[in-house]
file structure-v4.cif (mmCIF, C-alpha atoms)
data_upload
loop_
_atom_site.label_atom_id
_atom_site.label_comp_id
_atom_site.auth_asym_id
_atom_site.auth_seq_id
_atom_site.Cartn_x
_atom_site.Cartn_y
_atom_site.Cartn_z
CA MET O 1 0.00 0.00 0.00
CA MET O 2 2.88 2.38 0.96
CA LYS O 3 4.74 1.59 -2.24
CA PHE O 4 1.64 2.30 -4.30
CA ARG O 5 1.19 5.70 -2.65
CA ILE O 6 4.80 6.74 -3.38
CA LEU O 7 4.43 5.63 -6.98
CA ALA O 8 1.20 7.59 -7.35
CA LEU O 9 2.82 10.69 -5.84
CA ALA O 10 5.83 10.40 -8.16
CA GLY O 11 3.48 10.04 -11.13
CA LEU O 12 1.57 13.13 -10.06
CA PHE O 13 4.81 15.13 -9.81
CA ALA O 14 5.93 14.00 -13.25
CA VAL O 15 2.62 15.09 -14.81
CA ALA O 16 2.77 18.46 -13.02
CA ALA O 17 6.42 19.05 -14.03
CA SER O 18 5.78 18.28 -17.70
CA GLY O 19 2.84 20.67 -17.58
CA LEU O 20 5.04 23.43 -16.14
CA ALA O 21 7.75 22.98 -18.73
CA ALA O 22 5.30 23.37 -21.58
CA GLN O 23 3.60 26.35 -20.00
CA THR O 24 4.43 29.84 -21.30
CA LEU O 25 4.02 32.84 -19.05
CA ASP O 26 3.46 36.30 -20.44
CA ALA O 27 5.22 38.14 -17.63
CA LEU O 28 7.94 40.80 -17.72
CA ARG O 29 10.24 38.40 -19.49
CA GLY O 30 7.83 38.06 -22.41
CA PRO O 31 5.91 35.13 -23.89
CA VAL O 32 8.81 32.72 -23.73
CA PRO O 33 8.85 29.19 -22.25
CA LEU O 34 10.48 29.08 -18.83
CA ASP O 35 13.37 26.93 -19.98
CA THR O 36 14.46 29.21 -22.83
CA GLU O 37 15.85 32.71 -22.90
CA GLY O 38 13.90 35.45 -24.57
CA GLN O 39 15.21 38.17 -26.86
CA PRO O 40 16.14 41.09 -24.62
CA PRO O 41 14.94 44.55 -25.69
CA ARG O 42 17.51 46.69 -27.50
CA MET O 43 19.54 49.01 -25.32
CA GLN O 44 18.53 52.62 -25.80
CA PRO O 45 20.83 55.63 -25.55
CA MET O 46 20.53 57.92 -22.56
CA ARG O 47 18.26 60.93 -22.81
CA ASN O 48 20.56 63.82 -23.56
CA THR O 49 18.90 67.23 -23.15
CA THR O 50 19.16 70.25 -20.89
CA GLU O 51 15.47 70.26 -19.98
CA ARG O 52 14.69 69.48 -16.38
CA GLU O 53 11.89 67.09 -15.63
CA ILE O 54 9.10 67.83 -13.20
CA ARG O 55 9.54 66.06 -9.91
CA ASN O 56 6.73 63.68 -9.04
CA TYR O 57 6.89 64.66 -5.38
CA PRO O 58 8.85 67.41 -3.63
CA GLU O 59 11.42 65.09 -2.05
CA GLN O 60 12.27 63.33 -5.29
CA PRO O 61 15.95 63.66 -6.22
CA PRO O 62 15.93 65.48 -9.57
CA LEU O 63 16.46 63.21 -12.58
CA ILE O 64 19.57 63.73 -14.70
CA PRO O 65 18.31 64.96 -18.09
CA HIS O 66 21.64 64.42 -19.87
CA SER O 67 23.94 61.53 -20.67
CA ILE O 68 26.51 60.66 -18.02
CA GLU O 69 28.30 57.97 -19.96
CA GLY O 70 31.92 57.64 -18.87
CA TYR O 71 31.57 60.09 -15.98
CA GLN O 72 33.99 59.11 -13.26
CA VAL O 73 32.72 59.47 -9.71
CA ASP O 74 35.05 57.86 -7.21
CA LEU O 75 37.66 58.54 -4.54
CA ASN O 76 39.85 60.39 -7.07
CA GLY O 77 37.31 62.80 -8.49
CA ASN O 78 33.72 63.63 -9.27
CA LYS O 79 32.94 64.56 -12.85
CA CYS O 80 29.44 65.77 -11.93
CA LEU O 81 30.90 68.32 -9.52
CA SER O 82 33.11 69.82 -12.22
CA CYS O 83 29.89 71.50 -13.45
CA HIS O 84 27.44 71.33 -10.53
CA ALA O 85 29.75 72.41 -7.69
CA ARG O 86 29.05 75.85 -6.25
CA ALA O 87 32.19 77.44 -7.64
CA ARG O 88 31.72 75.88 -11.08
CA THR O 89 28.15 76.93 -11.85
CA GLY O 90 29.16 80.35 -13.16
CA GLU O 91 31.06 78.88 -16.04
CA SER O 92 28.92 75.81 -16.60
CA GLN O 93 25.50 77.44 -16.01
CA ALA O 94 24.43 74.14 -14.50
CA PRO O 95 22.18 74.05 -11.42
CA MET O 96 24.16 74.01 -8.19
CA LEU O 97 23.68 70.98 -6.00
CA SER O 98 21.39 71.92 -3.13
CA ILE O 99 22.53 72.94 0.32
CA THR O 100 21.32 69.62 1.73
CA HIS O 101 24.36 68.03 0.12
CA PHE O 102 26.60 70.00 2.50
CA MET O 103 24.88 68.68 5.62
CA ASP O 104 26.40 65.97 7.74
CA ARG O 105 24.14 63.54 9.53
CA GLU O 106 23.78 65.82 12.55
CA GLY O 107 22.37 68.49 10.25
CA GLN O 108 25.49 70.65 10.44
CA PHE O 109 26.54 72.41 7.25
CA LEU O 110 30.05 71.63 6.08
CA ALA O 111 32.23 73.79 3.83
CA SER O 112 32.00 71.37 0.91
CA VAL O 113 30.00 68.37 -0.18
CA SER O 114 29.43 65.92 2.64
CA PRO O 115 31.04 62.51 2.04
CA ARG O 116 27.66 60.80 2.44
CA ARG O 117 26.28 62.88 -0.45
CA PHE O 118 29.29 62.50 -2.75
CA PHE O 119 28.09 59.61 -4.90
CA CYS O 120 25.52 61.27 -7.15
CA THR O 121 23.99 58.23 -8.82
CA GLN O 122 22.92 56.78 -5.49
CA CYS O 123 19.91 59.09 -5.82
CA HIS O 124 20.10 60.87 -9.19
CA VAL O 125 19.63 58.77 -12.29
CA PRO O 126 19.77 59.41 -16.04
CA GLN O 127 16.84 58.40 -18.23
CA HIS O 128 16.50 56.06 -21.20
CA GLU O 129 13.72 56.25 -23.77
CA VAL O 130 12.05 52.92 -23.09
CA LYS O 131 8.53 51.59 -22.95
CA ALA O 132 7.51 50.92 -19.36
CA PRO O 133 7.19 47.13 -18.91
CA VAL O 134 4.33 47.54 -16.42
CA GLU O 135 1.65 50.17 -16.22
CA ASN O 136 2.07 52.84 -13.54
CA ASP O 137 -0.98 54.52 -12.02
CA PHE O 138 0.96 56.94 -9.82
CA VAL O 139 -0.95 60.17 -9.17
CA ASP O 140 0.89 63.19 -7.84
CA VAL O 141 -0.27 65.13 -4.81
CA ASP O 142 -1.57 68.15 -6.75
CA THR O 143 -3.89 65.94 -8.76
CA LEU O 144 -5.08 64.31 -5.56
CA LEU O 145 -5.81 67.67 -3.92
CA SER O 146 -7.68 68.96 -6.95
CA ARG O 147 -10.14 66.13 -6.72
CA ALA O 148 -13.67 66.96 -5.56
CA ASN O 149 -13.30 64.66 -2.62
CA PRO O 150 -9.64 64.57 -1.55
CA GLY O 151 -8.77 61.41 0.32
CA GLY O 152 -11.98 59.77 -0.86
CA PRO O 153 -12.19 56.72 -3.09
CA ARG O 154 -10.64 56.93 -6.53
CA ARG O 155 -12.93 57.42 -9.46
CA MET N 1 121.84 43.37 -23.92
CA THR N 2 118.35 43.38 -25.34
CA ALA N 3 116.73 40.09 -26.23
CA VAL N 4 114.19 40.09 -29.06
CA GLY N 5 111.67 38.04 -27.09
CA THR N 6 111.53 40.47 -24.14
CA THR N 7 110.16 43.59 -25.98
CA ARG N 8 106.56 44.05 -24.88
CA PRO N 9 103.88 44.28 -27.58
CA PRO N 10 102.07 47.70 -27.73
CA SER N 11 99.10 47.91 -25.39
CA ARG N 12 95.52 47.44 -26.69
CA LEU N 13 94.71 51.10 -26.11
CA ARG N 14 97.75 52.16 -28.05
CA ARG N 15 96.82 49.92 -31.00
CA LEU N 16 93.29 51.33 -31.02
CA TRP N 17 94.64 54.84 -31.06
CA GLN N 18 96.96 53.88 -33.92
CA PHE N 19 94.00 52.44 -35.86
CA ALA N 20 91.99 55.61 -35.35
CA LEU N 21 94.90 57.71 -36.62
CA ASP N 22 95.28 55.51 -39.73
CA LEU N 23 91.55 55.73 -40.42
CA TRP N 24 91.62 59.49 -40.09
CA ARG N 25 94.53 59.69 -42.56
CA VAL N 26 92.65 57.54 -45.10
CA LEU N 27 89.49 59.61 -44.69
CA ARG N 28 91.34 62.87 -45.20
CA ARG N 29 93.16 61.73 -48.36
CA PRO N 30 91.34 62.20 -51.67
CA SER N 31 90.26 58.90 -53.15
CA SER N 32 92.71 57.54 -55.69
CA VAL N 33 90.56 54.54 -56.72
CA PHE N 34 86.89 55.64 -56.86
CA SER N 35 85.61 58.41 -59.05
CA LEU N 36 83.91 61.43 -57.52
CA GLY N 37 80.68 60.44 -59.29
CA LEU N 38 80.68 56.99 -57.75
CA LEU N 39 81.38 58.41 -54.29
CA VAL N 40 78.56 60.90 -54.58
CA LEU N 41 76.18 58.22 -55.84
CA ALA N 42 77.22 55.78 -53.12
CA GLY N 43 76.78 58.50 -50.52
CA PHE N 44 73.32 59.28 -51.86
CA VAL N 45 72.22 55.64 -51.84
CA ALA N 46 73.64 55.12 -48.36
CA GLY N 47 71.80 58.25 -47.24
CA VAL N 48 68.50 57.00 -48.63
CA VAL N 49 68.97 53.63 -46.96
CA PHE N 50 69.90 55.21 -43.65
CA TRP N 51 67.04 57.72 -43.74
CA GLY N 52 64.54 55.03 -44.71
CA ALA N 53 65.73 52.72 -41.96
CA PHE N 54 65.63 55.54 -39.42
CA ASN N 55 62.08 56.50 -40.27
CA THR N 56 60.91 52.89 -40.42
CA ALA N 57 62.34 52.26 -36.95
CA LEU N 58 60.76 55.50 -35.75
CA GLU N 59 57.35 54.55 -37.09
CA LEU N 60 57.73 51.11 -35.55
CA THR N 61 57.94 52.77 -32.13
CA ASN N 62 54.81 54.71 -33.06
CA THR N 63 52.45 51.74 -33.02
CA GLU N 64 50.10 50.44 -30.39
CA THR N 65 51.79 47.03 -30.56
CA PHE N 66 55.05 48.68 -29.53
CA CYS N 67 53.44 50.71 -26.72
CA THR N 68 51.59 47.73 -25.28
CA GLY N 69 54.70 45.57 -25.55
CA CYS N 70 55.47 46.53 -21.96
CA HIS N 71 53.16 45.37 -19.19
CA GLU N 72 53.21 48.87 -17.64
CA MET N 73 51.18 50.20 -20.57
CA ARG N 74 49.25 47.04 -21.43
CA ASP N 75 47.86 46.37 -17.94
CA ASN N 76 47.22 49.95 -16.83
CA VAL N 77 46.49 52.64 -19.39
CA PHE N 78 45.65 50.40 -22.35
CA ALA N 79 43.28 48.29 -20.29
CA GLU N 80 41.49 51.47 -19.23
CA LEU N 81 41.30 52.83 -22.75
CA LYS N 82 39.37 49.76 -23.89
CA SER N 83 36.16 50.74 -22.12
CA THR N 84 36.13 54.31 -23.46
CA VAL N 85 34.64 55.82 -26.59
CA HIS N 86 38.11 56.25 -28.07
CA PHE N 87 38.45 52.49 -28.32
CA SER N 88 34.93 51.22 -28.89
CA ASN N 89 32.12 53.22 -30.48
CA ARG N 90 29.31 53.08 -33.04
CA SER N 91 31.37 53.89 -36.14
CA GLY N 92 34.43 51.82 -35.28
CA VAL N 93 36.87 54.68 -35.82
CA ARG N 94 39.33 54.55 -32.97
CA ALA N 95 42.39 56.27 -31.60
CA THR N 96 45.59 54.36 -30.93
CA CYS N 97 48.19 55.44 -28.35
CA PRO N 98 50.37 57.60 -30.65
CA ASP N 99 47.32 59.39 -32.11
CA CYS N 100 46.98 61.27 -28.83
CA HIS N 101 50.43 61.01 -27.28
CA VAL N 102 52.82 61.68 -30.19
CA PRO N 103 52.62 64.82 -32.36
CA HIS N 104 52.07 63.98 -36.04
CA GLU N 105 54.31 66.72 -37.40
CA TRP N 106 57.95 65.68 -37.85
CA THR N 107 59.90 68.24 -35.81
CA HIS N 108 57.59 67.97 -32.83
CA LYS N 109 57.52 64.22 -33.18
CA ILE N 110 61.33 64.03 -32.89
CA ALA N 111 61.25 66.39 -29.92
CA ARG N 112 58.66 64.19 -28.20
CA LYS N 113 60.64 61.05 -29.01
CA MET N 114 63.72 62.57 -27.41
CA GLN N 115 61.70 63.38 -24.30
CA ALA N 116 60.38 59.84 -24.32
CA SER N 117 63.89 58.44 -23.87
CA LYS N 118 63.24 59.17 -20.19
CA GLU N 119 60.60 56.44 -20.39
CA VAL N 120 63.29 53.93 -21.34
CA TRP N 121 65.07 54.89 -18.12
CA GLY N 122 61.82 54.37 -16.24
CA LYS N 123 61.37 50.97 -17.84
CA ILE N 124 64.90 49.82 -16.98
CA PHE N 125 64.66 50.91 -13.34
CA GLY N 126 61.04 49.79 -12.90
CA THR N 127 59.60 53.19 -11.95
CA ILE N 128 56.02 52.02 -12.49
CA ASP N 129 56.45 48.26 -12.76
CA THR N 130 53.65 47.44 -10.31
CA ARG N 131 50.05 48.64 -10.19
CA GLU N 132 50.73 50.38 -6.87
CA LYS N 133 53.75 52.25 -8.20
CA PHE N 134 51.74 53.25 -11.28
CA LEU N 135 48.90 54.62 -9.13
CA ASP N 136 51.42 56.56 -7.04
CA HIS N 137 52.80 58.17 -10.19
CA ARG N 138 49.49 58.64 -11.96
CA LEU N 139 49.00 62.30 -10.98
CA GLU N 140 52.52 63.21 -12.07
CA LEU N 141 52.13 61.40 -15.40
CA ALA N 142 48.72 62.97 -16.02
CA LEU N 143 50.02 66.45 -15.16
CA HIS N 144 52.73 66.07 -17.81
CA GLU N 145 50.19 65.16 -20.48
CA TRP N 146 47.76 67.92 -19.48
CA ALA N 147 50.56 70.48 -19.53
CA ARG N 148 51.67 69.31 -22.97
CA MET N 149 48.16 69.48 -24.40
CA LYS N 150 47.46 72.83 -22.81
CA ALA N 151 50.69 74.21 -24.30
CA ASN N 152 49.99 73.01 -27.84
CA ASP N 153 46.28 73.98 -27.73
CA SER N 154 45.17 70.32 -27.63
CA LEU N 155 46.85 69.66 -30.97
CA GLU N 156 46.44 65.89 -30.76
CA CYS N 157 42.68 66.24 -30.12
CA ARG N 158 42.37 68.64 -33.01
CA ASN N 159 44.13 66.27 -35.42
CA CYS N 160 40.74 64.53 -35.55
CA HIS N 161 38.26 66.91 -33.85
CA SER N 162 38.36 70.14 -35.82
CA ALA N 163 36.39 73.04 -34.37
CA ASP N 164 35.68 74.25 -37.93
CA SER N 165 34.06 70.96 -38.86
CA MET N 166 31.97 70.67 -35.72
CA ASP N 167 28.27 70.78 -36.53
CA ILE N 168 26.86 71.97 -33.24
CA THR N 169 23.28 71.40 -34.42
CA LYS N 170 24.11 67.70 -34.24
CA GLN N 171 25.44 67.99 -30.70
CA SER N 172 23.40 67.83 -27.54
CA PRO N 173 22.21 71.30 -26.46
CA ARG N 174 24.57 71.12 -23.48
CA ALA N 175 27.62 70.43 -25.64
CA ALA N 176 26.59 72.92 -28.35
CA ASP N 177 26.19 75.73 -25.85
CA THR N 178 29.46 75.05 -24.07
CA HIS N 179 31.47 74.69 -27.28
CA GLN N 180 30.05 77.96 -28.60
CA ARG N 181 30.81 79.83 -25.41
CA LEU N 182 34.22 78.44 -24.55
CA LEU N 183 35.79 76.55 -27.44
CA PHE N 184 34.94 78.71 -30.45
CA THR N 185 35.92 81.88 -28.62
CA GLY N 186 39.30 80.36 -27.80
CA GLU N 187 38.71 80.88 -24.11
CA LYS N 188 39.39 77.22 -23.39
CA THR N 189 41.06 74.34 -25.12
CA CYS N 190 39.82 70.74 -25.30
CA ILE N 191 41.89 69.39 -22.40
CA ASP N 192 40.60 72.07 -20.02
CA CYS N 193 37.27 70.24 -19.77
CA HIS N 194 37.87 66.81 -21.32
CA LYS N 195 40.20 65.23 -18.78
CA GLY N 196 40.02 61.55 -18.00
CA ILE N 197 38.25 60.66 -21.24
CA ALA N 198 40.62 57.89 -22.27
CA HIS N 199 42.12 56.78 -18.96
CA ARG N 200 40.98 56.86 -15.34
CA LEU N 201 41.62 60.07 -13.44
CA PRO N 202 44.30 60.59 -10.77
CA ASP N 203 43.52 62.30 -7.47
CA MET N 204 41.87 65.52 -8.72
CA ARG N 205 41.79 67.49 -5.47
CA ASN N 206 44.21 70.23 -6.53
CA VAL N 207 43.35 70.29 -10.22
CA PRO N 208 41.60 73.53 -11.26
CA GLY N 209 37.91 73.00 -11.97
CA TRP N 210 37.74 69.80 -9.96
CA GLN N 211 37.16 68.85 -6.36
#
call {"tool": "encode", "arguments": {"input": "structure-v4.cif", "output": "C-alpha cells"}}
result
Amino acid sequence: MMKFRILALAGLFAVAASGLAAQTLDALRGPVPLDTEGQPPRMQPMRNTTEREIRNYPEQPPLIPHSIEGYQVDLNGNKCLSCHARARTGESQAPMLSITHFMDREGQFLASVSPRRFFCTQCHVPQHEVKAPVENDFVDVDTLLSRANPGGPRR
Amino acid sequence: MTAVGTTRPPSRLRRLWQFALDLWRVLRRPSSVFSLGLLVLAGFVAGVVFWGAFNTALELTNTETFCTGCHEMRDNVFAELKSTVHFSNRSGVRATCPDCHVPHEWTHKIARKMQASKEVWGKIFGTIDTREKFLDHRLELALHEWARMKANDSLECRNCHSADSMDITKQSPRAADTHQRLLFTGEKTCIDCHKGIAHRLPDMRNVPGWQ
C-alpha cells in the first residue's frame, strides 16, 4: 500500500512538471517558455537634453536629463561636480547641488560636499527612452488635492 | 743586452689609437681609386637607406603594438582605454596610443621622441612596474600630459576633432552651448574640460575645476 502511494505521488509530480515545462508565461520576461531565454529589448541611448523634468513629489531627487556615460565618480574625483559644484556653476550654467548636500548627519553644514552625499547616482539617475514594462498609475499630490473629494475613493 | 723576445707588444689602447689615426689619414686623403661620381652616388644611396631605416624604426615605435609591448602600458592605461569611446564606439573609428600622445608633425615628433627616452630609463629601473607604483605616479604622469596638451592647444585632439568641422546642431544642447561659449571663442582648449576621457583620473583634489 505504501509503495503504491509513493508511486502515485511520483506520477503526479511527473505530470505536473511536464505541464510546467510546456507552459508559457506572459510576464515581464515576455511570452517565452520558462526553460528558454527570450530576446532582450535593445539598449537605448541615454536621454541627452538640458530640460529638467518635473519632480513627481517634492522630495524626489531630480532626474539627470543628460547623458553621463563615462563620468567618473570615485575617490579620485567627481565629474558631476566639475559643473554642478558651487564654484563651477558660473562657467557651466548648471544648477548648483542643493545645500542639503553639504549637511552631515547631525544636520550641520560643512564647507564642501558631505562625504555621504558624494556619490551622485545613489539618488540621481539618467533616463533612457524605453517603454515601461508595467503600467504605472501613480498620481501626484496636486492631482489628488484637486479632486472633488480629496482622500476619498478613486474614481 | 736586449733580447728580441723580451720587448713588450704595444698595449691594446695604443693599437686602437693607432687604428683611429690611420683611419683618419685615409678619410682625409682624396680617393685615388673611386671616381667622384661613384662616391657621390654611393653616398646618396647610403643616405637614402639610412634615412629610410631611421624613419621605419621611428614609425615602428609609433604603433600600439610597440606601446603595449610593456606590461606597464598594457595592464594599466591600455586596459582602461578599452572601455572608453576612443576604443569602442558606433562607427568603429578609434584612436591608438600615438594618435593622442605623439605629435604627427615631424619636428615635434622628434622632440617628443627625445623626451620619451626618459621612459626607457623608467622601464629599466622599474619606476612604475607594479600597479601600486603606477597609481602613485598617476597624478605626475597625467600632469605632464595635461601640460603638454594645454601648451599646444590640444593639438592631438584637433588632429581629428576640428572646431571648424563641428556641426553643433548635431550635438546635444549642453555640448553645443558650451562649445560655442568656450571653445569657439578660444577661451578654453579641449583638455581644459575633457580630462580623463581615455584613462581613469588621478587624485583631482588640486586640479583647477575639480574637487
call {"tool": "atom_distance", "arguments": {"input": "structure-v4.cif", "atom1": "CA of His179 (chain N)", "atom2": "CA of Ser112 (chain O)"}}
result
28.4 Å
call {"tool": "interface_residues", "arguments": {"input": "structure-v4.cif", "of": "chain N", "to": "chain O", "cutoff": "6 Å", "atoms": "all atoms listed in the file", "output": "PyMOL selection string"}}
result
chain N and resi 202-204+209-210
call {"tool": "resolve_selection", "arguments": {"input": "structure-v4.cif", "expression": "the PyMOL selection byres ((chain O and resi 104) around 10)", "output": "PyMOL selection string"}}
result
chain O and resi 100-103+105-110+113-117
call {"tool": "resolve_selection", "arguments": {"input": "structure-v4.cif", "expression": "the PyMOL selection byres ((chain N and resi 84) around 12)", "output": "list in words"}}
result
Glu69, Gly70, Tyr71 and Gln72 of chain O; Val77, Phe78, Ala79, Glu80, Leu81, Lys82, Ser83, Val85, His86, Phe87, Ser88, Asn89, Arg90, Arg94, Ala95, Gly196, Ile197, Ala198, His199 and Arg200 of chain N
call {"tool": "closest_residue", "arguments": {"input": "structure-v4.cif", "among": "N:Ile124, N:Leu183, N:Leu38, N:Val45", "to": "Ile168 (chain N)", "atoms": "all atoms listed in the file"}}
result
N:Leu183
call {"tool": "closest_residue", "arguments": {"input": "structure-v4.cif", "among": "N:Asn152, N:Asn159, N:Gln211, N:Thr169", "to": "Ile191 (chain N)", "atoms": "all atoms listed in the file"}}
result
N:Asn152
call {"tool": "atom_distance", "arguments": {"input": "structure-v4.cif", "atom1": "CA of Lys170 (chain N)", "atom2": "CA of Lys131 (chain O)"}}
result
25.1 Å
call {"tool": "closest_residue", "arguments": {"input": "structure-v4.cif", "among": "N:Ile110, N:Ala42, N:Leu16, N:Ala151", "to": "Phe54 (chain N)", "atoms": "only C-alpha atoms"}}
result
N:Ile110
call {"tool": "atom_distance", "arguments": {"input": "structure-v4.cif", "atom1": "CA of Leu27 (chain N)", "atom2": "CA of Thr56 (chain N)"}}
result
29.7 Å
call {"tool": "closest_atom_pairs", "arguments": {"input": "structure-v4.cif", "of": "region 27-128 of chain O", "to": "region 141-151 of chain O", "cutoff": "10 Å", "atoms": "all atoms listed in the file", "output": "Markdown table"}}
result
| residue | atom | partner | partner_atom | distance |
| --- | --- | --- | --- | --- |
| O:Asn56 | CA | O:Val141 | CA | 8.3 |
| O:Tyr57 | CA | O:Val141 | CA | 7.2 |
| O:Pro58 | CA | O:Val141 | CA | 9.5 |
call {"tool": "residues_around", "arguments": {"input": "structure-v4.cif", "residues": "region 141-147 of chain N", "least_positions_apart": "2", "cutoff": "9 Å", "atoms": "only C-alpha atoms", "output": "list in words"}}
result
His101, His137, Arg138, Leu139, Met149, Lys150, Ala151, Asn152, Ser154, Ile191, Asp192, Lys195, Leu201 and Pro202 of chain N
